[in-house]
>>> print(open('protein-v7.cif').read())   # mmCIF, C-alpha atoms and all ligand atoms
data_target
loop_
_atom_site.label_atom_id
_atom_site.label_comp_id
_atom_site.auth_asym_id
_atom_site.auth_seq_id
_atom_site.Cartn_x
_atom_site.Cartn_y
_atom_site.Cartn_z
CA MET G 1 -21.61 28.42 10.66
CA GLU G 2 -18.66 28.32 13.05
CA MET G 3 -19.26 27.00 16.55
CA LYS G 4 -17.44 28.44 19.55
CA ASN G 5 -16.67 24.98 20.91
CA GLU G 6 -16.69 22.34 18.18
CA ASP G 7 -15.83 19.59 20.70
CA LEU G 8 -19.47 19.85 21.87
CA LEU G 9 -20.39 18.11 18.59
CA ASP G 10 -18.58 15.00 19.84
CA ALA G 11 -21.40 14.53 22.38
CA TYR G 12 -23.81 13.79 19.51
CA ILE G 13 -23.94 11.19 16.78
CA PHE G 14 -26.00 10.78 13.61
CA CYS G 15 -27.54 7.38 12.86
CA PRO G 16 -25.75 6.10 9.73
CA LYS G 17 -29.05 4.68 8.36
CA CYS G 18 -31.89 7.06 9.23
CA HIS G 19 -29.76 10.15 10.08
CA THR G 20 -31.53 10.77 13.39
CA LEU G 21 -29.45 12.81 15.82
CA HIS G 22 -28.67 11.08 19.12
CA GLN G 23 -26.89 12.21 22.25
CA LYS G 24 -24.07 9.87 23.23
CA CYS G 25 -24.01 8.15 26.60
CA LEU G 26 -21.19 6.41 28.40
CA LEU G 27 -21.04 2.66 27.76
CA HIS G 28 -19.05 -0.15 29.33
CA ASP G 29 -16.47 -2.14 27.40
CA GLY G 30 -18.08 -4.42 24.81
CA GLN G 31 -21.45 -2.57 24.83
CA LYS G 32 -23.15 -1.14 21.72
CA ALA G 33 -25.42 1.88 21.34
CA ARG G 34 -28.32 1.40 18.91
CA CYS G 35 -30.57 3.89 17.14
CA SER G 36 -33.92 4.17 18.93
CA PHE G 37 -35.76 4.37 15.57
CA CYS G 38 -34.12 1.88 13.16
CA LYS G 39 -31.98 -0.13 15.64
CA ALA G 40 -28.80 0.39 13.58
CA THR G 41 -25.55 0.27 15.56
CA LEU G 42 -24.44 3.81 16.39
CA TYR G 43 -21.15 3.10 18.17
CA ARG G 44 -19.39 0.49 20.27
CA VAL G 45 -16.89 0.58 23.07
CA ASP G 46 -13.87 -1.68 22.60
CA SER G 47 -10.93 -1.22 24.95
CA LYS G 48 -8.73 -3.15 22.51
CA LEU G 49 -9.69 -1.02 19.48
CA ALA G 50 -6.16 0.36 18.90
CA ASP G 51 -4.55 -3.10 19.32
CA HIS G 52 -7.01 -4.74 16.90
CA GLY G 53 -6.67 -1.87 14.41
CA LEU G 54 -2.85 -1.96 14.49
CA ALA G 55 -2.70 -5.77 14.12
CA LEU G 56 -5.15 -5.76 11.19
CA SER G 57 -3.40 -2.83 9.47
CA VAL G 58 0.08 -4.40 9.70
CA THR G 59 -1.29 -7.74 8.44
CA GLY G 60 -3.09 -5.93 5.62
CA VAL G 61 0.11 -4.14 4.47
CA ILE G 62 2.05 -7.45 4.48
CA PHE G 63 -0.64 -9.09 2.30
CA PHE G 64 -0.76 -6.02 0.03
CA LEU G 65 3.02 -6.05 -0.52
CA LEU G 66 2.95 -9.80 -1.23
CA ALA G 67 0.06 -9.24 -3.67
CA ASN G 68 2.31 -6.84 -5.61
CA MET G 69 5.41 -9.02 -5.67
CA PHE G 70 4.17 -12.13 -7.47
CA PRO G 71 1.86 -12.81 -10.44
CA LEU G 72 -1.88 -12.67 -9.76
CA VAL G 73 -2.70 -15.00 -12.63
CA SER G 74 -0.96 -16.44 -15.65
CA VAL G 75 -2.88 -16.72 -18.91
CA GLU G 76 -1.75 -19.08 -21.67
CA ILE G 77 -3.17 -18.57 -25.16
CA LEU G 78 -1.81 -20.52 -28.18
CA GLY G 79 1.30 -21.52 -26.27
CA ILE G 80 2.11 -17.95 -25.21
CA GLU G 81 2.04 -17.50 -21.45
CA GLN G 82 1.56 -14.08 -19.92
CA PHE G 83 1.92 -13.24 -16.23
CA ILE G 84 -0.32 -10.53 -14.80
CA THR G 85 0.85 -8.71 -11.68
CA LEU G 86 -1.01 -5.95 -9.88
CA PRO G 87 1.41 -3.15 -10.95
CA SER G 88 1.48 -4.50 -14.54
CA THR G 89 -2.25 -3.76 -14.90
CA PHE G 90 -1.79 0.01 -14.72
CA LEU G 91 1.78 0.07 -16.14
CA THR G 92 0.48 -1.60 -19.31
CA LEU G 93 -2.13 1.16 -19.62
CA PHE G 94 0.65 3.79 -19.37
CA GLU G 95 2.77 1.96 -21.97
CA ASN G 96 -0.17 1.96 -24.39
CA GLY G 97 -0.80 5.69 -23.97
CA PHE G 98 -3.89 5.47 -21.73
CA TYR G 99 -2.39 7.89 -19.22
CA VAL G 100 -5.60 9.13 -17.55
CA VAL G 101 -7.08 5.63 -17.16
CA GLY G 102 -3.68 4.32 -16.02
CA LEU G 103 -3.36 7.08 -13.43
CA MET G 104 -6.90 6.47 -12.12
CA CYS G 105 -6.23 2.73 -11.98
CA ALA G 106 -2.90 3.25 -10.15
CA LEU G 107 -4.56 5.58 -7.62
CA LEU G 108 -7.60 3.37 -6.96
CA ILE G 109 -5.96 -0.05 -6.72
CA PHE G 110 -2.45 0.83 -5.50
CA VAL G 111 -1.83 4.32 -4.08
CA PHE G 112 -5.05 4.87 -2.07
CA PRO G 113 -5.26 1.35 -0.53
CA LEU G 114 -1.58 1.54 0.50
CA MET G 115 -1.99 5.09 1.85
CA ILE G 116 -5.05 4.02 3.89
CA PHE G 117 -3.25 1.10 5.52
CA MET G 118 -0.06 3.09 6.19
CA ALA G 119 -2.17 5.92 7.68
CA ASN G 120 -3.98 3.32 9.82
CA ILE G 121 -0.67 1.95 11.14
CA VAL G 122 0.58 5.43 12.13
CA LEU G 123 -2.85 6.30 13.58
CA PHE G 124 -3.18 3.22 15.82
CA LEU G 125 0.49 3.38 16.81
CA LEU G 126 0.09 7.00 17.96
CA LEU G 127 -3.11 6.07 19.82
CA LYS G 128 -1.25 3.28 21.63
CA LEU G 129 1.66 5.61 22.44
CA LYS G 130 -0.86 8.36 23.42
CA ARG G 131 1.07 11.01 21.49
CA ASN G 132 0.48 13.71 18.85
CA GLU G 133 -3.25 14.36 19.06
CA LYS G 134 -3.12 16.81 16.14
CA ILE G 135 -1.55 14.24 13.79
CA ILE G 136 -4.17 11.67 14.87
CA ALA G 137 -6.97 14.14 14.09
CA SER G 138 -5.40 14.97 10.69
CA LEU G 139 -5.03 11.24 9.87
CA LEU G 140 -8.68 10.59 10.75
CA ILE G 141 -9.80 13.43 8.46
CA LEU G 142 -7.50 12.13 5.69
CA LEU G 143 -8.91 8.60 6.09
CA ALA G 144 -12.48 9.90 5.89
CA HIS G 145 -11.61 11.45 2.50
CA LEU G 146 -9.60 8.49 1.20
CA LYS G 147 -11.75 5.50 2.21
CA PRO G 148 -14.45 5.90 -0.48
CA TRP G 149 -11.66 5.80 -3.12
CA SER G 150 -10.09 2.49 -2.12
CA MET G 151 -11.32 -0.04 -4.69
CA GLY G 152 -9.24 -3.16 -4.16
CA ASP G 153 -12.44 -5.21 -3.75
CA ILE G 154 -13.85 -3.97 -7.08
CA PHE G 155 -10.52 -4.77 -8.76
CA LEU G 156 -10.63 -8.33 -7.38
CA ILE G 157 -14.20 -8.82 -8.65
CA SER G 158 -13.24 -7.43 -12.07
CA ILE G 159 -10.34 -9.94 -12.28
CA LEU G 160 -12.76 -12.77 -11.45
CA ILE G 161 -15.19 -11.61 -14.16
CA ALA G 162 -12.34 -11.39 -16.72
CA LEU G 163 -11.15 -14.87 -15.78
CA VAL G 164 -14.64 -16.33 -16.16
CA LYS G 165 -14.87 -14.77 -19.64
CA LEU G 166 -11.46 -16.21 -20.62
CA ILE G 167 -12.33 -19.78 -19.60
CA GLY G 168 -12.57 -21.80 -22.80
CA PHE G 169 -10.23 -19.48 -24.73
CA ALA G 170 -7.14 -19.73 -22.55
CA GLU G 171 -5.48 -21.82 -19.88
CA ILE G 172 -5.57 -19.91 -16.62
CA HIS G 173 -3.39 -20.48 -13.58
CA ILE G 174 -4.09 -18.69 -10.32
CA GLY G 175 -0.87 -17.18 -8.87
CA ALA G 176 0.18 -16.91 -5.22
CA SER G 177 -0.56 -13.18 -5.21
CA PHE G 178 -4.20 -13.80 -6.05
CA LEU G 179 -4.73 -15.42 -2.65
CA THR G 180 -2.80 -12.67 -0.84
CA LEU G 181 -4.89 -10.04 -2.68
CA LEU G 182 -8.02 -11.90 -1.56
CA CYS G 183 -6.74 -11.87 2.05
CA PHE G 184 -5.95 -8.15 1.75
CA VAL G 185 -9.45 -7.35 0.43
CA LEU G 186 -11.06 -9.40 3.24
CA ILE G 187 -8.98 -7.56 5.88
CA ASP G 188 -9.87 -4.23 4.23
CA LEU G 189 -13.60 -5.07 4.34
CA TYR G 190 -13.38 -6.35 7.94
CA LEU G 191 -11.45 -3.24 9.05
CA ASN G 192 -14.04 -0.96 7.41
CA LYS G 193 -16.95 -2.84 8.99
CA MET G 194 -15.54 -3.40 12.47
CA ILE G 195 -13.56 -0.22 13.10
CA ARG G 196 -15.44 2.99 12.38
CA LEU G 197 -13.66 6.31 12.19
CA SER G 198 -16.19 7.83 14.60
CA GLU G 199 -15.24 5.19 17.21
CA VAL G 200 -11.54 5.92 16.70
CA TRP G 201 -12.29 9.64 17.09
CA THR G 202 -14.11 8.92 20.38
CA LEU G 203 -11.14 6.84 21.54
CA LYS G 204 -8.85 9.79 20.73
CA GLN G 205 -11.03 12.08 22.82
CA GLU G 206 -10.98 9.64 25.73
CA ILE G 207 -7.24 9.04 25.55
CA PHE G 208 -6.41 12.74 25.54
CA GLY G 209 -8.89 13.49 28.27
CA ILE G 210 -11.04 15.76 26.13
CA LYS G 211 -14.61 14.78 26.94
CA ARG G 212 -16.03 18.29 27.29
CA GLY G 213 -19.17 17.57 25.38
CA LEU G 214 -19.93 14.30 27.17
CA ASP G 215 -19.06 15.61 30.63
CA GLY G 216 -21.13 18.73 30.10
CA HIS G 217 -24.23 16.68 29.25
CA LYS G 218 -24.05 13.96 31.91
ZN ZN G 301 -31.51 5.05 12.80
#
>>> encode(input="protein-v7.cif", output="structure tokens", more="lines below")
Ligand SMILES: [Zn+2]
Amino acid sequence: MEMKNEDLLDAYIFCPKCHTLHQKCLLHDGQKARCSFCKATLYRVDSKLADHGLALSVTGVIFFLLANMFPLVSVEILGIEQFITLPSTFLTLFENGFYVVGLMCALLIFVFPLMIFMANIVLFLLLKLKRNEKIIASLLILLAHLKPWSMGDIFLISILIALVKLIGFAEIHIGASFLTLLCFVLIDLYLNKMIRLSEVWTLKQEIFGIKRGLDGHK
């Protein structure tokens, strides 16, 4: 069903836990709106949202690039030492003919995480510059599609499991990139938890002066 004025939908929000529909109200900086049924946080108002988002995204990209430049771990078995880097994990799959698995691995642990952080940088930069509303809206829609497919955290856990299984069989040395990958995953998790796309969308509406739904229901 197509609505005549889809911006009216911005005046309402679904509870992420119990899916109850709520009407938004204006909050002051630092305040949170909670669901009246399950008390889950619906949305927050943070005047520094774009600054925090931009700082975290730039830091995340730096850690991600560092995580790709140096070995994650080195494994020594019977005197033979092998360095494992993040790109080598999916490149090895390609070299051995596992093209589909290699492609999936490359998308999930390299392409999508990098795309998400680069999209975040452009998004928060445009919000700070207060320009190109259409590009901001497109980036938010793109991020909503991409975020479920970023699996850097699962990759990190799988490395830890593999290392635990190798203890006793091989000598394992943690590389510098392992710590930068850990920092990247922590920033990714923090960014996902603290900055919701719905809050960024609301910020966009406020910045560009489009509060039709809210103003019409005051
Ligand atoms: Zn609820």
>>> closest_residue(input="protein-v7.cif", among="G:Ser198, G:Ser88, G:Asn68, G:Ser158", to="G:Cys15", atoms="all atoms listed in the file")
G:Ser198
>>> closest_residue(input="protein-v7.cif", among="G:Gly168, G:Pro148, G:Pro16, G:Gly60", to="ligand ZN 301 (chain G)", atoms="only C-alpha atoms and all ligand atoms")
G:Pro16
>>> residues_near_ligand(input="protein-v7.cif", ligand="ligand ZN 301 (chain G)", cutoff="7 Å", atoms="only C-alpha atoms and all ligand atoms", output="compact mmCIF listing (two decimals) with C-alpha atoms, in the frame of the given file")
# COMPACT_ATOMS: atom_id res chain seq x y z
CA CYS G 15 -27.54 7.38 12.86
CA PRO G 16 -25.75 6.10 9.73
CA LYS G 17 -29.05 4.68 8.36
CA CYS G 18 -31.89 7.06 9.23
CA HIS G 19 -29.76 10.15 10.08
CA THR G 20 -31.53 10.77 13.39
CA CYS G 35 -30.57 3.89 17.14
CA SER G 36 -33.92 4.17 18.93
CA PHE G 37 -35.76 4.37 15.57
CA CYS G 38 -34.12 1.88 13.16
CA LYS G 39 -31.98 -0.13 15.64
CA ALA G 40 -28.80 0.39 13.58
>>> atom_distance(input="protein-v7.cif", atom1="atom CA of G:Asn132", atom2="atom CA of G:Asn192")
23.6 Å
>>> closest_residue(input="protein-v7.cif", among="G:Val200, G:Val122, G:Ile207, G:Leu189", to="G:Val45", atoms="all atoms listed in the file")
G:Val200
>>> residues_around(input="protein-v7.cif", residues="stretch 103-118 of chain G", least_positions_apart="3", cutoff="7 Å", atoms="all atoms listed in the file", output="ChimeraX atom specification")
/G:57,61,90,99-100,121-122,143,146,149-152,155
>>> closest_residue(input="protein-v7.cif", among="G:Leu65, G:Ile77, G:Leu142, G:Leu125", to="G:Leu181", atoms="only C-alpha atoms")
G:Leu65
>>> closest_residue(input="protein-v7.cif", among="G:Leu49, G:Val73, G:Leu9, G:Ile136", to="G:Glu171", atoms="only C-alpha atoms")
G:Val73
>>> atom_distance(input="protein-v7.cif", atom1="atom CA of G:Gln205", atom2="atom CA of G:Leu56")
22.1 Å
>>> atom_distance(input="protein-v7.cif", atom1="atom CA of G:Arg196", atom2="atom CA of G:Ala11")
16.4 Å
>>> residues_near_point(input="protein-v7.cif", point="(3.3, -9.1, -14.6)", cutoff="10 Å", atoms="all atoms listed in the file", output="list in words")
Asn68, Met69, Phe70, Pro71, Leu72, Val73, Ser74, Gln82, Phe83, Ile84, Thr85, Leu86, Pro87, Ser88, Thr89, Leu91 and Thr92 of chain G
>>> closest_residue(input="protein-v7.cif", among="G:Tyr43, G:Thr180, G:Lys48, G:Ala67", to="G:Lys193", atoms="all atoms listed in the file")
G:Tyr43
>>> residues_around(input="protein-v7.cif", residues="stretch 31-33 of chain G", least_positions_apart="2", cutoff="8 Å", atoms="only C-alpha atoms", output="list in words")
Leu27, His28, Asp29, Cys35, Thr41, Leu42, Tyr43, Arg44, Val45 and Asp46 of chain G
>>> decode(input="protein-v7.cif", residues="stretch 47-190 of chain G", atoms="C-alpha atoms", output="mmCIF file, in the first residue's frame")
data_model
loop_
_atom_site.group_PDB
_atom_site.id
_atom_site.type_symbol
_atom_site.label_atom_id
_atom_site.label_comp_id
_atom_site.auth_asym_id
_atom_site.auth_seq_id
_atom_site.Cartn_x
_atom_site.Cartn_y
_atom_site.Cartn_z
ATOM 1 C CA SER G 47 23.097 16.337 19.898
ATOM 2 C CA LYS G 48 26.601 14.949 19.284
ATOM 3 C CA LEU G 49 25.374 11.877 17.371
ATOM 4 C CA ALA G 50 27.044 12.843 14.057
ATOM 5 C CA ASP G 51 30.338 13.759 15.790
ATOM 6 C CA HIS G 52 30.432 10.485 17.758
ATOM 7 C CA GLY G 53 29.459 8.461 14.677
ATOM 8 C CA LEU G 54 32.116 10.102 12.490
ATOM 9 C CA ALA G 55 34.872 9.692 15.112
ATOM 10 C CA LEU G 56 34.014 6.014 15.695
ATOM 11 C CA SER G 57 33.744 5.269 11.952
ATOM 12 C CA VAL G 58 37.120 6.855 11.109
ATOM 13 C CA THR G 59 38.769 5.021 14.036
ATOM 14 C CA GLY G 60 37.123 1.777 12.921
ATOM 15 C CA VAL G 61 38.451 2.110 9.339
ATOM 16 C CA ILE G 62 41.989 2.790 10.634
ATOM 17 C CA PHE G 63 41.859 -0.350 12.812
ATOM 18 C CA PHE G 64 40.370 -2.367 9.925
ATOM 19 C CA LEU G 65 43.140 -1.317 7.517
ATOM 20 C CA LEU G 66 45.796 -2.122 10.136
ATOM 21 C CA ALA G 67 44.134 -5.517 10.717
ATOM 22 C CA ASN G 68 44.624 -6.274 7.005
ATOM 23 C CA MET G 69 48.232 -5.129 6.752
ATOM 24 C CA PHE G 70 49.968 -7.391 9.266
ATOM 25 C CA PRO G 71 49.673 -11.072 10.268
ATOM 26 C CA LEU G 72 46.810 -11.980 12.609
ATOM 27 C CA VAL G 73 48.620 -15.017 13.974
ATOM 28 C CA SER G 74 51.637 -17.113 13.099
ATOM 29 C CA VAL G 75 51.430 -20.880 13.480
ATOM 30 C CA GLU G 76 54.566 -23.010 13.734
ATOM 31 C CA ILE G 77 54.237 -26.759 13.159
ATOM 32 C CA LEU G 78 57.329 -29.020 12.892
ATOM 33 C CA GLY G 79 59.595 -26.037 12.338
ATOM 34 C CA ILE G 80 57.469 -24.608 9.523
ATOM 35 C CA GLU G 81 56.051 -21.196 10.358
ATOM 36 C CA GLN G 82 52.999 -19.875 8.556
ATOM 37 C CA PHE G 83 51.639 -16.343 8.819
ATOM 38 C CA ILE G 84 47.887 -15.862 8.577
ATOM 39 C CA THR G 85 46.587 -12.471 7.454
ATOM 40 C CA LEU G 86 42.957 -11.489 7.061
ATOM 41 C CA PRO G 87 43.047 -11.373 3.209
ATOM 42 C CA SER G 88 45.017 -14.660 3.094
ATOM 43 C CA THR G 89 42.060 -16.500 4.671
ATOM 44 C CA PHE G 90 39.811 -16.010 1.643
ATOM 45 C CA LEU G 91 42.631 -15.837 -0.961
ATOM 46 C CA THR G 92 43.747 -19.323 0.115
ATOM 47 C CA LEU G 93 40.196 -20.570 -0.464
ATOM 48 C CA PHE G 94 40.281 -19.104 -4.012
ATOM 49 C CA GLU G 95 43.700 -20.671 -4.695
ATOM 50 C CA ASN G 96 42.360 -24.087 -3.666
ATOM 51 C CA GLY G 97 39.313 -23.822 -5.933
ATOM 52 C CA PHE G 98 36.698 -23.067 -3.249
ATOM 53 C CA TYR G 99 35.402 -20.073 -5.192
ATOM 54 C CA VAL G 100 31.896 -19.825 -3.692
ATOM 55 C CA VAL G 101 33.107 -20.203 -0.091
ATOM 56 C CA GLY G 102 35.997 -17.811 -0.810
ATOM 57 C CA LEU G 103 33.635 -15.225 -2.278
ATOM 58 C CA MET G 104 31.235 -15.505 0.687
ATOM 59 C CA CYS G 105 34.157 -15.239 3.105
ATOM 60 C CA ALA G 106 35.583 -12.186 1.278
ATOM 61 C CA LEU G 107 32.169 -10.471 1.288
ATOM 62 C CA LEU G 108 31.372 -11.203 4.950
ATOM 63 C CA ILE G 109 34.716 -10.429 6.581
ATOM 64 C CA PHE G 110 36.190 -7.846 4.194
ATOM 65 C CA VAL G 111 33.883 -6.174 1.657
ATOM 66 C CA PHE G 112 30.736 -5.649 3.777
ATOM 67 C CA PRO G 113 32.508 -4.452 6.973
ATOM 68 C CA LEU G 114 34.621 -2.004 4.941
ATOM 69 C CA MET G 115 31.576 -0.811 2.953
ATOM 70 C CA ILE G 116 29.613 -0.246 6.182
ATOM 71 C CA PHE G 117 32.342 1.872 7.771
ATOM 72 C CA MET G 118 33.017 3.865 4.582
ATOM 73 C CA ALA G 119 29.255 4.460 4.186
ATOM 74 C CA ASN G 120 29.131 5.575 7.842
ATOM 75 C CA ILE G 121 31.953 8.084 7.275
ATOM 76 C CA VAL G 122 30.212 9.628 4.234
ATOM 77 C CA LEU G 123 26.854 9.574 6.070
ATOM 78 C CA PHE G 124 28.053 11.361 9.228
ATOM 79 C CA LEU G 125 30.190 13.776 7.207
ATOM 80 C CA LEU G 126 27.170 14.794 5.102
ATOM 81 C CA LEU G 127 25.063 15.141 8.272
ATOM 82 C CA LYS G 128 27.688 17.452 9.769
ATOM 83 C CA LEU G 129 27.905 19.469 6.539
ATOM 84 C CA LYS G 130 24.058 19.425 6.289
ATOM 85 C CA ARG G 131 24.155 18.558 2.593
ATOM 86 C CA ASN G 132 22.700 16.002 0.152
ATOM 87 C CA GLU G 133 19.644 14.691 1.967
ATOM 88 C CA LYS G 134 18.921 12.166 -0.804
ATOM 89 C CA ILE G 135 22.387 10.585 -0.540
ATOM 90 C CA ILE G 136 21.994 10.400 3.265
ATOM 91 C CA ALA G 137 18.633 8.629 2.867
ATOM 92 C CA SER G 138 20.128 6.198 0.299
ATOM 93 C CA LEU G 139 23.105 5.471 2.595
ATOM 94 C CA LEU G 140 20.783 4.750 5.535
ATOM 95 C CA ILE G 141 18.767 2.309 3.409
ATOM 96 C CA LEU G 142 21.997 0.682 2.165
ATOM 97 C CA LEU G 143 23.279 0.343 5.755
ATOM 98 C CA ALA G 144 20.003 -1.261 6.863
ATOM 99 C CA HIS G 145 20.528 -3.940 4.175
ATOM 100 C CA LEU G 146 24.260 -4.402 4.790
ATOM 101 C CA LYS G 147 24.493 -4.474 8.595
ATOM 102 C CA PRO G 148 23.134 -8.020 9.112
ATOM 103 C CA TRP G 149 25.860 -9.283 6.727
ATOM 104 C CA SER G 150 28.872 -7.850 8.546
ATOM 105 C CA MET G 151 30.443 -10.779 10.389
ATOM 106 C CA GLY G 152 33.816 -9.559 11.625
ATOM 107 C CA ASP G 153 32.865 -10.571 15.185
ATOM 108 C CA ILE G 154 32.006 -14.140 14.115
ATOM 109 C CA PHE G 155 35.310 -14.328 12.207
ATOM 110 C CA LEU G 156 37.223 -13.248 15.333
ATOM 111 C CA ILE G 157 35.460 -15.885 17.457
ATOM 112 C CA SER G 158 36.150 -18.563 14.825
ATOM 113 C CA ILE G 159 39.885 -17.653 14.888
ATOM 114 C CA LEU G 160 39.881 -17.987 18.694
ATOM 115 C CA ILE G 161 38.201 -21.418 18.473
ATOM 116 C CA ALA G 162 40.732 -22.570 15.838
ATOM 117 C CA LEU G 163 43.622 -21.355 17.989
ATOM 118 C CA VAL G 164 42.302 -23.183 21.057
ATOM 119 C CA LYS G 165 42.082 -26.394 18.992
ATOM 120 C CA LEU G 166 45.668 -25.938 17.728
ATOM 121 C CA ILE G 167 47.172 -25.492 21.205
ATOM 122 C CA GLY G 168 49.262 -28.581 21.895
ATOM 123 C CA PHE G 169 49.868 -29.292 18.194
ATOM 124 C CA ALA G 170 51.542 -26.050 17.182
ATOM 125 C CA GLU G 171 53.328 -23.012 18.531
ATOM 126 C CA ILE G 172 51.058 -20.011 18.142
ATOM 127 C CA HIS G 173 52.082 -16.363 18.168
ATOM 128 C CA ILE G 174 49.479 -13.614 18.232
ATOM 129 C CA GLY G 175 50.276 -10.917 15.621
ATOM 130 C CA ALA G 176 49.781 -7.156 15.882
ATOM 131 C CA SER G 177 46.774 -7.311 13.558
ATOM 132 C CA PHE G 178 44.923 -9.593 15.941
ATOM 133 C CA LEU G 179 44.680 -6.778 18.485
ATOM 134 C CA THR G 180 43.661 -4.232 15.827
ATOM 135 C CA LEU G 181 40.987 -6.671 14.573
ATOM 136 C CA LEU G 182 39.758 -7.006 18.163
ATOM 137 C CA CYS G 183 39.590 -3.186 18.457
ATOM 138 C CA PHE G 184 37.730 -3.005 15.130
ATOM 139 C CA VAL G 185 35.165 -5.609 16.231
ATOM 140 C CA LEU G 186 34.632 -3.790 19.560
ATOM 141 C CA ILE G 187 34.089 -0.465 17.741
ATOM 142 C CA ASP G 188 31.713 -2.210 15.307
ATOM 143 C CA LEU G 189 29.678 -3.672 18.200
ATOM 144 C CA TYR G 190 29.666 -0.345 20.086
#
